[in-house]
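Some notes on the structure that comes next.
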Amino acid sequence: MAEKIPVVKMCNIKKNFGGVQALKGVDLVLHHNEILGLVGDNAAGKSTLMKILSGAYIPDEGEIFVEGKKINMASSQDAHQHGIEMLYQDLALANNLDVVANVFMGREKMNLKLGSIGILDEHSMERETERLLDRLKIDLSSVRLKVESLSGGQRQSIAIARATAFNAKVTIMDEPTAALSVAAIKKVLDLVKELKAQGSSVIIISHRIEDIYQVSDRMIVLRQGRKVCDTEVTGDIDTFREHVVAYIIGARDDYANGGGKQADGNCR
Amino acid sequence: MVIAGKSDEATLIRDARRVLQENIREWGMYIALLIIMTIFTITTRGVFLSSRNISNLINQTGYIAVLAIGMTLVIIISHIDLSVGYLSGFLGAVAATAMEFWHMSAPASILLIIILGALAGFLSGFLVGQMKIPAFVATLAGWLGYRGALQLVTMHRGTVVITNNAFNAIGNGYIPDISFLPDSGFLAGIHQMTLALGILIIVLYIISEINRRNRMLYHKFKVSPLHLFIIKMVFMSALIMVITWILSGYRGLSWTAVIVIVVVLLYHFIMNRTNLGRHIYAVGGNPEAAQLTGISVKRITYIVFCSMGILSALSGILYASRFKSATTTAGTLFELDAIAAAFVGGASPSGGIGKVSGSIVGALVMTSLTSGMNLMGIDISYQYIVRALVLVAAVVFDVATRNKKEEIV
């Protein structure tokens with residue numbers, strides 16, 4: 001790895017919801033141009049951790065560094081500004097709008113502005129969308145198609161395209177392959193690889209260990225709000241899966257003693 | 001696309017059928033309006049289509065049409081506003097009181113109630129957007145409250161007669177005529193200004209249609225074959241020309257019609273060409289997604305309800321000036337006419353979908369029904385039932401055609 005400073009470093013993140021400790025001090029390191037898988041059972045704290053990184057939640061304790069600088073992440077706007085984009089599980093697209101409108105939702109290009117209201121610059125948004133889809137090798141007959149007329153895989157591609165449209169350094173994907181057909185899953189995973197090839201860093205939350213195995217460089221397992229495993233993705237799929245599942249269900253829990261710790265993912 | 005030489009007539013019919021099937025949802029309301037107008041023209045032996053009646057019909061549509069536009073926006077963001085009818089009646093009564101008893105000028109009274117309308121909308125927006133109260137409940141409270149307020153304002157005097165001529169001209173006046181031709185007797189007795197405006201509208205319509213077609217071709221969308229496109233344009237132009245001609249034969253274009261046209265153009269522009277309109281559609285389509293991309297759902301809710309309040313004030317002005325008075329029953333059931341007009345005009349009950357132009361056609365359908373049945377002397381009880389059936393038919397039609405997706409080459 002050429003750059004030593006990780007693109008994202010989260011240290012000792014804690015978060016309570018009422019009396020429930022969702023995160024009990026988690027460290028996470030994401031290197032440049034790396035795909036990191038994040039797995040764990042339901043309520044393990046994956047989504048909470050990622051929502052903290054994307055500014056949707058504010059942690060009770062802990063620090064976040066982006067490219068070595070300490071960041072006060074208070075809103076999703078802050079996250080945008082630091083090049084962190086989150087792609088939500090429940091397809092954050094508006095079906096009644098076309099592809100261009102969805103890609104530029106909330107950050108439309110405008111010709112003439114009067115206060116916060118302005119006239120849309122459709123032409124340049126169209127061209128930029130076409131360029132973006134081209135770059136990510138997403139094939140659509142027209143960027144003016146309504147999103148509701150697209151297939152599940154195409155929609156997920158558009159959602160990913162939007163998340164990466166504005167030069168995101170880090171893209172977080174929450175279950176990007178959930179509820180997709182096999183062919184569509186392949187397409188999405190290809191897209192993730194394409195992002196890496198273009199120098200982006202990606203964090204993928206998934207239940208499907210096969211998907212993580214296919215695209216990730218490294219993987220973190222969370223269990224009950226703690227990190228229980230942080231390992232390079234190596235070996236063949238079956239042994240890898242067995243190894244990981246043991247940590248997910250809690251059959252092995254030796255992280256504190258150095259087990260499952262193969263990567264330098266700690267703050268201390 | 002046109003295969004030359006082949007039996008043209010058969011191709012034409014086939015093309016027409018295909019185009020009709022693909023655009024049935026959008027064209028449904030135009031066809032419905034045409035059918036309704038034809039039926040009434042026959043049953044009233046042509047009285048319905050007389051210059052005088054059409055002119056009246058357009059003026060009657062005015063105060064429902066402006067409400068329908070605002071209501072379409074409210075429905076797009078998946079809410080409803082039941083308070084607008086009595087709000088419009090109440091604000092009309094305030095304007096009448098301001099002019100007759102507080103001796104305010106017409107413009108000052110109008111400004112006053114537009115501000116009050118915006119405040120009322122802001123209140124609904126607060127209840128719905130800020131306090132998260134279901135719009136149905138919040139605006140039902142408004143319905144009760146404004147009804148009480150209307151009775152309070154008109155209690156002592158009963159009907160407030162408006163004597164301000166400038167104000168009354170809004171609902172009863174017509175644009176001045178300017179003769180373009182030398183006084184030769186040609187087109188005598190015809191409102192030439194209205195005729196000229198009609199021709200201007202046709203030219204603008206043809207230009208915008210050609211632009212739209214070119215843009216769709218550029219985006220590789222399937223467009224209707226050229227001959228059908230030309231037929232459609234000829235048909236629409238003829239329709240505008242007929243309406244213009246009918247109006248020119250009476251007293252020309254009314255100020256009410258001018259106001260409605262201005263409001264339609266303004267809202268059409270906002271909804272289709274600005275980021276505000278885009279955000280309103282986005283909030284309607286997927287509020288969570290809109291919020292995540294940085295659009296404030298709360299802000300949009302406030303804006304849409306405020307616009308509804310302002311349009312209620314405008315509706316109150318049009319109604320009060322048309323009848324030159326404010327009465328205790330002003331505004332009764334306007335909200336339901338407006339909601340029906342929005343649905344007939346293609347707004348979807350599930351939100352995210354609706355057009356300003358559609359709501360105007362919807363409003364025309366609803367007032368045509370009232371006007372036509374009145375001319376036929378049908379009892380009011382049957383009128384309500386017929387209007388109910390039309391509303392149900394419109395929503396059923398919407399649901400039935402919802403799953404039709406846009407087709408591409």
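Letters A, B, ... mark the chains of the structure tokens in the order given; residue numbers begin at 1 per chain; ligand numbers begin at 1, in order shown.
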
Residues of chain A within 6 Å of chain B, counting only C-alpha atoms, as a ChimeraX atom specification: /A:92-94,96,106,118-120,142,149

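Taking only C-alpha atoms, the non-local environment of Ile5 (chain A) within 9 Å (same-chain residues fewer than 6 positions away omitted) comprises His31, His32, Glu67 and Gly68 of chain A.
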
Could the residues in this selection be written to a file with N, CA and C atoms, as a short mmCIF file (atom, residue, chain, number, x, y, z; two decimals), in the first residue's frame?
data_model
loop_
_atom_site.label_atom_id
_atom_site.label_comp_id
_atom_site.auth_asym_id
_atom_site.auth_seq_id
_atom_site.Cartn_x
_atom_site.Cartn_y
_atom_site.Cartn_z
N HIS A 31 -8.30 1.44 4.43
CA HIS A 31 -7.16 1.95 3.68
C HIS A 31 -7.59 2.50 2.34
N HIS A 32 -6.67 3.22 1.70
CA HIS A 32 -6.95 3.74 0.37
C HIS A 32 -7.14 2.60 -0.61
N GLU A 67 -8.42 10.70 6.44
CA GLU A 67 -7.08 10.99 5.94
C GLU A 67 -6.22 11.65 7.01
N GLY A 68 -6.31 11.10 8.22
CA GLY A 68 -5.45 11.55 9.29
C GLY A 68 -5.96 12.73 10.08
#

Neighbour list for Asp78 (chain A) as a PyMOL selection string, cut-off 12 Å, only C-alpha atoms, skip fewer than 4 positions in-chain: (chain A and resi 52-58+66+71-74+82-85) or (chain B and resi 294)

Those of region 76-223 of chain A in DSSP strand (DSSP E or B), formatted as a PyMOL selection string: chain A and resi 84-87+98+110-114+117-120+146+170-174+201-205+218-223
